[in-house]
Each structure stands twice: as structure tokens, then as C-alpha cells.
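Student: Quick one: the structure is below, and I'll ask about it shortly.
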Amino acid sequence: MRDWSLTSGDPLHLTLAADARLCKPDYVNDHIWEVELGPSDPTAVSLHTTFGLRARSMRIFLRFTEGSNVITDPNTFVTKPSLRRFHPNFLTLDFVPFDNLQVSTDFWVPESHAIAGRIILTNKTNAVRQLKLEVCALLTPLDGQSIIPTQQQLVNILAGQTSGIAPVIFMTGGPKHGPGPYPSLLLDLELGPGATRTLAFAEAALDTIPEAFELARKTAARTWEAERTRIEMLQASEELEIQTGDPDWDAALSFSQQAAHALFFNGNEHLPHPSFVHARHIDNGFSRKGDGTDYAPSWNGQAPIESYYISSILQGAPQITKHLILNFLATQNEDGEVDGKPGLAAQRGRLQAAPLLASLTWKYYQATHDEDFLSEVFPKLTKFFWSWFSSTHDRNRDGVPEWDHLLQTGFDDNPVFDVWHPWSQGLDISLVHSPSLEAMLYREAQSIAKIAKKLGKPEDETGLIQSQAEKIRESINASWNANKSFYSYRDRETGLVSTGKIIARKKGDGNMRPKFESETPVRLLIEIQTKNPAAKRPEVEISEYFTKSKGEVETILGHQFQWRTGGLVATSQKIYTRIGRIAVHGLDEKDKINVSIIDTTGEDITLALPMWAQIPEQQKAHALIGRNIMTADRFDRPFGLPSLPESPDPEADLVSMSVHFPWNQLIGEGLLAHGFRAEATRLTVHMMNAVIQNLKQNRSFYQRYHAETGAGIGERNAVQGLAPVGLFMQSLGVNILSSTRVKLEGKNLYPWPVTIKYKGLTVVRSMEQTTITFINGESVLVKEEEPCIVEM
């Protein structure tokens, strides 16, 4: 187990929460804590929470006194705090508050309703020292009672109340109440020369003070060394210990694996296996309804793209991938459809899952060789694949499905389809061919074929799937824009790319006579602009000719309009080569209507996904990468690949320049699949720079990062912003299949040798050769760049 020495200038992630591998965290009442080493009120080494917004703030901090010297501020310590050990639920800090007084502090979250601390003080002098140690607490309740000194069963404690819970702090050693200025438990200590004293405290928050007191007392009395050993053994069995030539990288890669484990909760009657929330920080974890059904999107279920990403991070725990797949398949209905966001409180996304499950399954098999699992899920994966080709998803029955909703894509702010930003178009995504969906389906087909071959299935069992995959490939190839060497969205019916253009506009009700004609059929976008928050949904008639008696008439009813920023928007179901009349009913006189041709020329990172599915031949792949992915005025930015190559509006900067790591992971895998190892390495470096910058400046991961500045965007501690451990390992050319099997390919293009340790296995990857040492002492030296598997 590695001993670190990370200080305030280093990457740090100091969130602590109950670990589902060691206890059963409470999904609806989960207390999450952060360790603070700097600015707070007061500045101190402190534990901080809001109990999931049940309090404005709760802080527990240490105060040291020797003679007339009183100190809480770590900036004034003789030696400032450094982080020696860290786990999802446990960390160790070392510091020296006074000359020659060594202090080690462990903070531990054993379960969702309690946190404990252990302080080990060592006198490094030859003199007897008189010290005072205080555990102080400050509670700013939403309602209730601030922390006050009190007693329970004749024991001095600190207690308060906020939003229906009672935080209680207990300390070992028989403390008295401190004199102030903060509520505290105080111990007078006499430390002889070289002497060490160990003390513990615990906080618990339950419905009543007596209940919380009992839990706090039991928690403080637990056997710390045994618990810590258990935690460290678990980490050694499920984490890749990675040592690069850069300590910042080492810390970020380790913190990311720990933070990913911390996102999991145990399975239950609603979801059979452990599942993850998308973020876990001090403001999360409390369900006011008491059952979790009121949780925000980051806590209401596992999504496919995030599942793929967290699986790539936790390579040392392949069973997690298996469990996530089984959770999705547990929601499969008789038509083969799988819910796209199943949650631990029986939440359901009510949208079909993005087709990534067979890809995840094959990835899991490559790491474990678990053929029994392949046999179990193969028929379900096949059924799921075919469910995408029903009329529900393939609306025009052309053999190439469409997304049902923007939320399925993993890029919710896509300005071509989004309705919530004023600069977005609001196009109905079900009316276009999306290369991202088609690439996923093509890759699913290939993965199913590999699984079938491994299981010895006859070829005719997957022949239809391969035929369907060829249709998908043809559709993707038709989306290729040779001028830009990039893929495009295309209209579902016409198969064409269209450029937006307003053809009619007016104020209020009435008729418009656009006299529009086009050589190629086009689809229309109807936008209503209104300042009335109670505006009624209008009805719009579109006619090929001015008189109703001639040609077809399409009526867009009120329920077909979607609310959007500044009004409503709808897309025509029909396509037109001419339009003679547009009539609108139900608008106020100040409301405006704009009718335009839909614009499918918008570009975004998801359009590069066919590269991940290995669809473009090498010449196209070279052009796509060279002219787009690795071009500075397109996608090649200092902190990763942005969502859009250019912004549609100055106000759209945070969306267009957002770096989505799950999508960067997929594109990185596509680079490697086409032999662009140097470019994948460069992308990994850019992503790591964003993570390290935010761990240093804010001690947090973020949902997204700004491609030009690296600034964190969105929710803190989100799975989408954890360091790309998987892409780092893939670009390094090392795949740890187990503690006795390693796959190597290519060469190490990073500027330093890399050492990976896992369950007694050690891999040292230098620039020219790789040394693999197994747990039995057997050592193998590999110099070749061709793919190979080395086994014990």
C-alpha cells in the first residue's frame, strides 16, 4: 500500500462517504463529508457536511493548546497537513501543530449516519508536555438547535438538531466541555518524553439524541486497526496502483478509482446488483419523500454511457461491469426493450437504453473469460438489439432506427435538438438519422457476433444481425461529408442534409403565403415566440397550395409543440417541395411565428463515433482525424475534445466548449482502433491536465471541463469528470486481464516509464520494453510491439 505525501498544492480529493463494499449505505439518508484543510469558518482541519441540505452547514474541527498558544489554522502549523492514505471512506492526515508534536489523524465513515476520527499525538521531545485537545463543532441548522454542550447518561457530549435529525458528538477519554469560543469536548493531556496518546471521537445523526449518542459511542469504540486493514486489503484487491513519472498523475488516477467506487450503493428489490449515482457530495443523499423517488437526475439511475465510462475506470473490479449489465437487463420487457436509466428506488427513465450493452459484455468477457455469463446474457442482448428495429424506433421501417429522445444520447445540450437554450434549434431528434446511434448499433452487432462465435453458435443465428449491420453501415457511409471529412445528421425520410432558412414569419393568428418551392424535399421547423408564460399551444396548418382543396394539408396540433425558452417549437412530420399557405390559430396578437427549413448541418463530438465502431476505411479515418479531431480550430483543444467545434452563439460557450469525458473516452478508443496511438496519448494528456488543474484548485472533479481554460463545469464529484484511467491504460498499451494475464500492444509513448501493480502482479512499461513480474516471482521481458498476451 502506497504512502502518499500530498499537501495543499497537490491534487486532492477529500470527500468521504460510506463504502457499499464494506457496509450498506442508506440511499435515502446518506451523510457525505468533506475534509477541509483551508479557508472555512474558522480556518481549521475540519469535517464539513450539510447532511444532504438538511443543514446550512455542520463542521467538526480540532483545536490544540499548549501554554498560551492556541491553534486551529493549519496554515500556522509548524508542518502543514499532508495526506498519507486515502480511500472512499477513510483517510489519514499527518501534521505538526507545535514544535516536535507529531499528529496523525484518521477520518472514517463506517456507515451513512456516522463519521469518526482518531487522533494520535506523539511528543518528539525529551520534556513532559501539557496539552489541551478540543474537538469543536459548529452547526448552522435550517431549523432546530445549534450545537450545544450537554450530557447523555452522565457523559459529556455535543448535540444539536436540524431538519428532523440530531447530530451528536462523543469523545473517548472522559472529556469535559471546553470554555469556548466554540462548543467543544476538551481533554487535558500530559505527554511524557517520546510518549504517544491515541484518542477517538465520533459523530452520529439520527432521529433523536439518545439514538445518535448510542451510535456515536459504538462507532468510536470500534477496532480501528482491524477496520483499516480491511479497507486497505479491499483497495489492494480492486485498484490498479499506477506509478508514472509524474506524482500529480499518480494522485489523480488513484483518486478517480476511489471516487468511482464511492458512487456505488448496494442492490435491492428494485435493482438486483450494486448501482451508482452520478455524483456524491455533501449536498446529496437526502430524500425528502423518504423513498428516493424525488431525487434529481444525478441520483435517479444508471445511464449506459456513464456505465461504459465508469467500467473503464474500475478495471481492477471487472465484476462491476457485469453487475451494471445485469441491472439493465433486469428491466427488459417482453419486446426486448431495456430501460435507459434504472434506479435504486424503482425509478425508470422510460426510454430505451442506448445500445452499448453487448459492447460492455464483450469488454467484460475479455477481462474475465466468463463464458457462463456470455451464455446467460446472449439471448437477452440479441433481443435487445432487435428491439431497436421495431416501428417504435425505426419509424419509417427503413432498417435504420432513430433516437427517441435527446436524453438517450448522453449529450443533453446538443443545440440541434435541445429546447432549453435560446440559441438551440429544438429539432425533433426522432426525425433524423444520427451517426452516433447507428455507430453504437453497428458495434453491438459486431460484439454479438463475437459472443456467438465464442459460444459456438451457428452462423445462421447471427446472419440476420450481420445483414442488418450492413444496412446501418450503408446509412453511416451516406452521412459522410467529404468536404469536411466528418459525418452529418440527415433527414429521416429524404436522407439529405439541409441548411436552415426562414421561409415565413408573422405576428399573431392568420395566414402566410410563402410561395416556397424546392428541388429537394425539406422538413419544416415551426417556432412560436411569446412572452406570455400562460400561452396556449397553437394549431398550425401547412398546405402545398394556397387553397385547401388542392394538395395535402398537414395539421400540427397543440400537443405536438414542445415548450422551449421564449416559446414553443414543433417539427413537421411531412416533407415538402412546395408550400403555398401556412395558417396559424391560437396565438395572441403579440406572439410571433417563424417557419423555417430544419438545419441539420450542426456538428458535434458524437458525429465522430463511427470511428469508434471502426466503420470508416483507413483513408476516411485519416481525413476525419487529421482535419477534425487533431485540428486546433476544430476539436483539438488544450483540455480535451469539446462538444462542438464552434459555438452557435457567444452565450453558448459553456455548452460548446464543454469536454464530456465519456465521449472523449469513446473517441480515444476510436483513435486507437485506427492505429493513432500518439493522438490517443495526446488526448489523454489533455484530459488529465483538466482533472489535475481542478483537483489542485478546487479539490474536486467536475461533470465537464472547459476545453480552452480547463475550468470545471456542472456538478462536483461527477462520474463524467473522473480521470480517464481506462483510456490511459489503453493508450499505454497495457490491458490487465487478471493477476495472471496481461495483454500488451504498441509502445509506451508517455515521457516516463509506468509501473502498474495489481494483486501481486507488477508491470513495468518503459519506452523500449516491458517487464512483467507475477506473484510467484516469474518474470517475463517483452520488447515487441505486436499485440501479445503474457500469462503466468
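Residue numbering restarts at 1 for every chain of the C-alpha cells, chains are lettered A, B, ... in their displayed order, and ligands are numbered from 1 as they appear.
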Extract, using only C-alpha atoms, all DNA, RNA and protein residues at most 6 Å from His48 of chain A, discarding same-chain residues fewer than 3 positions from it, and format them as an MDAnalysis selection string.
Tutor: chainID A and resid 33:34 58:59
Student: Contacts of Leu206 of chain A at 12 Å or less, counting only C-alpha atoms, minus same-chain residues fewer than 3 places along, as an MDAnalysis selection string?
Tutor: chainID A and resid 29:31 51 112:114 159:169 203 209:216
Student: For His706 of chain A, please output as JSON, numbers by chain all residues within 10 Å (counting only C-alpha atoms; exclusion window: fewer than 2 positions along the same chain).
Tutor: {"A": [637, 638, 639, 640, 641, 642, 643, 653, 654, 655, 656, 657, 658, 659, 660, 690, 704, 708, 709, 710, 711, 712, 713]}
Student: Looking only at strand (DSSP E or B) from DSSP on the backbone, list the matching residues of segment 23-112 of chain A as a ChimeraX atom specification.
Tutor: /A:29,33-36,46-49,55-66,69-71,79-86,90-96,101-111
Student: Select, from A:Pro175, A:Gly580, A:Pro514, A:Pro42, the residue with the minimum atom-to-atom distance to Ser543 of chain A, counting only C-alpha atoms.
Tutor: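 Closest to Ser543 of chain A, using only C-alpha atoms: A:Gly580.
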Student: Write out as a ChimeraX atom specification all residues of segment 261-333 of chain A that DSSP puts in helix (DSSP H, G or I) for this structure's backbone.
Tutor: /A:261-262,297-299,304-313,319-329
Student: Which residues are close to Leu154 of chain A, i.e. within 12 Å by only C-alpha atoms, leaving aside same-chain residues fewer than 2 positions away? Reply as a PyMOL selection string.
Tutor: chain A and resi 150-152+156-157+174-176+213
Student: List the neighbours of Glu679 of chain A out to 12 Å using only C-alpha atoms; skip same-chain residues closer than 3 positions along the sequence, and give me the result as a list in words.
Tutor: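 Non-adjacent residues within range: His622, Ile625, Gly626, Ile629, Met630, Thr631, Asp636, Gly640, Leu641, Ile667, Gly668, Glu669, Gly670, Leu671, Leu672, Ala673, His674, Gly675, Phe676, Arg682, Leu683, Thr684, Val685, His686, Leu727, Ser731, Leu732, Leu749 and Tyr750 of chain A.
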Student: Generate a file of the selected residues that holds N, CA and C atoms, formatted as an mmCIF file, in the first residue's frame.
Tutor:
data_model
loop_
_atom_site.group_PDB
_atom_site.id
_atom_site.type_symbol
_atom_site.label_atom_id
_atom_site.label_comp_id
_atom_site.auth_asym_id
_atom_site.auth_seq_id
_atom_site.Cartn_x
_atom_site.Cartn_y
_atom_site.Cartn_z
ATOM 1 N N HIS A 622 -8.202 8.657 -41.547
ATOM 2 C CA HIS A 622 -7.082 9.602 -41.543
ATOM 3 C C HIS A 622 -7.591 11.022 -41.773
ATOM 4 N N ILE A 625 -9.632 12.299 -38.656
ATOM 5 C CA ILE A 625 -8.758 12.618 -37.522
ATOM 6 C C ILE A 625 -7.895 13.837 -37.826
ATOM 7 N N GLY A 626 -7.302 13.843 -39.010
ATOM 8 C CA GLY A 626 -6.390 14.928 -39.346
ATOM 9 C C GLY A 626 -7.071 16.268 -39.507
ATOM 10 N N ILE A 629 -10.375 15.924 -35.527
ATOM 11 C CA ILE A 629 -10.022 15.574 -34.145
ATOM 12 C C ILE A 629 -8.700 16.217 -33.731
ATOM 13 N N MET A 630 -7.746 16.281 -34.635
ATOM 14 C CA MET A 630 -6.422 16.799 -34.293
ATOM 15 C C MET A 630 -6.138 18.171 -34.911
ATOM 16 N N THR A 631 -7.180 18.926 -35.201
ATOM 17 C CA THR A 631 -7.020 20.279 -35.738
ATOM 18 C C THR A 631 -7.440 21.290 -34.672
ATOM 19 N N ASP A 636 -9.305 19.831 -31.440
ATOM 20 C CA ASP A 636 -8.069 19.642 -30.667
ATOM 21 C C ASP A 636 -7.818 20.853 -29.772
ATOM 22 N N GLY A 640 -9.010 18.734 -23.834
ATOM 23 C CA GLY A 640 -9.875 17.666 -24.321
ATOM 24 C C GLY A 640 -10.698 18.101 -25.521
ATOM 25 N N LEU A 641 -11.447 17.150 -26.063
ATOM 26 C CA LEU A 641 -12.270 17.409 -27.240
ATOM 27 C C LEU A 641 -13.577 18.065 -26.799
ATOM 28 N N ILE A 667 -14.094 8.344 -28.312
ATOM 29 C CA ILE A 667 -13.311 8.830 -29.452
ATOM 30 C C ILE A 667 -11.849 8.397 -29.306
ATOM 31 N N GLY A 668 -11.343 8.412 -28.090
ATOM 32 C CA GLY A 668 -9.978 7.932 -27.846
ATOM 33 C C GLY A 668 -9.825 6.476 -28.227
ATOM 34 N N GLU A 669 -10.815 5.661 -27.888
ATOM 35 C CA GLU A 669 -10.777 4.250 -28.281
ATOM 36 C C GLU A 669 -10.820 4.120 -29.800
ATOM 37 N N GLY A 670 -11.558 5.015 -30.458
ATOM 38 C CA GLY A 670 -11.593 5.020 -31.914
ATOM 39 C C GLY A 670 -10.240 5.357 -32.517
ATOM 40 N N LEU A 671 -9.538 6.311 -31.921
ATOM 41 C CA LEU A 671 -8.182 6.646 -32.381
ATOM 42 C C LEU A 671 -7.276 5.421 -32.295
ATOM 43 N N LEU A 672 -7.346 4.711 -31.182
ATOM 44 C CA LEU A 672 -6.510 3.525 -31.007
ATOM 45 C C LEU A 672 -6.888 2.428 -31.990
ATOM 46 N N ALA A 673 -8.180 2.270 -32.235
ATOM 47 C CA ALA A 673 -8.636 1.228 -33.157
ATOM 48 C C ALA A 673 -8.093 1.441 -34.561
ATOM 49 N N HIS A 674 -7.846 2.696 -34.912
ATOM 50 C CA HIS A 674 -7.329 3.010 -36.245
ATOM 51 C C HIS A 674 -5.819 3.240 -36.244
ATOM 52 N N GLY A 675 -5.153 2.892 -35.125
ATOM 53 C CA GLY A 675 -3.701 2.954 -35.091
ATOM 54 C C GLY A 675 -3.112 4.294 -34.719
ATOM 55 N N PHE A 676 -3.936 5.210 -34.210
ATOM 56 C CA PHE A 676 -3.446 6.547 -33.854
ATOM 57 C C PHE A 676 -3.103 6.603 -32.359
ATOM 58 N N ARG A 682 -1.994 11.869 -26.692
ATOM 59 C CA ARG A 682 -2.119 13.323 -26.583
ATOM 60 C C ARG A 682 -3.477 13.715 -25.999
ATOM 61 N N LEU A 683 -4.539 13.051 -26.437
ATOM 62 C CA LEU A 683 -5.872 13.324 -25.898
ATOM 63 C C LEU A 683 -5.920 13.014 -24.401
ATOM 64 N N THR A 684 -5.322 11.892 -24.010
ATOM 65 C CA THR A 684 -5.302 11.523 -22.583
ATOM 66 C C THR A 684 -4.585 12.590 -21.765
ATOM 67 N N VAL A 685 -3.476 13.086 -22.271
ATOM 68 C CA VAL A 685 -2.721 14.142 -21.569
ATOM 69 C C VAL A 685 -3.601 15.372 -21.376
ATOM 70 N N HIS A 686 -4.327 15.773 -22.424
ATOM 71 C CA HIS A 686 -5.202 16.940 -22.322
ATOM 72 C C HIS A 686 -6.282 16.737 -21.258
ATOM 73 N N LEU A 727 -8.661 4.987 -20.599
ATOM 74 C CA LEU A 727 -8.004 5.481 -21.801
ATOM 75 C C LEU A 727 -6.496 5.590 -21.588
ATOM 76 N N SER A 731 -4.076 3.618 -24.053
ATOM 77 C CA SER A 731 -3.057 4.338 -24.830
ATOM 78 C C SER A 731 -1.652 3.899 -24.435
ATOM 79 N N LEU A 732 -1.480 3.452 -23.189
ATOM 80 C CA LEU A 732 -0.199 2.901 -22.752
ATOM 81 C C LEU A 732 0.071 1.550 -23.403
ATOM 82 N N LEU A 749 4.296 5.675 -25.228
ATOM 83 C CA LEU A 749 4.618 6.975 -25.814
ATOM 84 C C LEU A 749 4.609 8.101 -24.782
ATOM 85 N N TYR A 750 4.387 7.762 -23.513
ATOM 86 C CA TYR A 750 4.443 8.777 -22.460
ATOM 87 C C TYR A 750 5.906 9.095 -22.140
#
Student: With a distance cut-off of 12 Å and only C-alpha atoms, select the neighbouring residues of Ile120 of chain A, excluding the residue or stretch itself and same-chain residues fewer than 6 positions from it, and output the selection as a PyMOL selection string.
Tutor: chain A and resi 92-96+101-107+133+191+195-201+224
Student: Calculated over only C-alpha atoms, which of the candidates A:Asn694, A:Thr771, A:Ser475, A:Ser596 has the smallest distance to Ala252 of chain A?
Tutor: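 Comparing A:Asn694, A:Thr771, A:Ser475, A:Ser596 against Ala252 of chain A, the winner is A:Asn694.
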Student: Between A:Glu134, A:Glu617, A:Glu232, A:Glu334, which has the minimum distance to Ile119 of chain A (counting only C-alpha atoms)?
Tutor: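 Selected residue with least distance to Ile119 of chain A: A:Glu134.
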Student: Which one of A:Arg397, A:Leu37, A:Leu431, A:Ala583 sits closest to Arg505 of chain A if you count only C-alpha atoms?
Tutor: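 That would be A:Ala583, the residue with the smallest distance to Arg505 of chain A.
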Student: Near Ile789 of chain A, counting only C-alpha atoms, which residues have an atom at most 12 Å away, once you skip same-chain residues fewer than 2 positions from it, shown as a PyMOL selection string?
Tutor: chain A and resi 366-367+733-738+740-745+772+780+782+784-787+791-792
Student: With distances taken over only C-alpha atoms, which of A:His393, A:His177, A:His278, A:Arg699 is nearest to Tyr309 of chain A?
Tutor: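 The answer is A:His278, which sits nearest to Tyr309 of chain A.
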Student: Quick check, in Å to one decimal: how far apart do atom CA of Val497 of chain A and atom CA of Ser424 of chain A lie?
Tutor: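 Atom-to-atom, atom CA of Val497 of chain A to atom CA of Ser424 of chain A, that is 17.8 Å.
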Student: Looking at A:Lys363, A:Arg443, A:His433, A:His323, which one is nearest to Leu609 of chain A, with distances taken over only C-alpha atoms?
Tutor: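 Closest to Leu609 of chain A, using only C-alpha atoms: A:Arg443.
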Student: What is the distance, in Å and to one decimal place, between atom CA of Asn396 of chain A and atom CA of Glu474 of chain A?
Tutor: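 Atom CA of Glu474 of chain A lies at a distance of 16.4 Å from atom CA of Asn396 of chain A.
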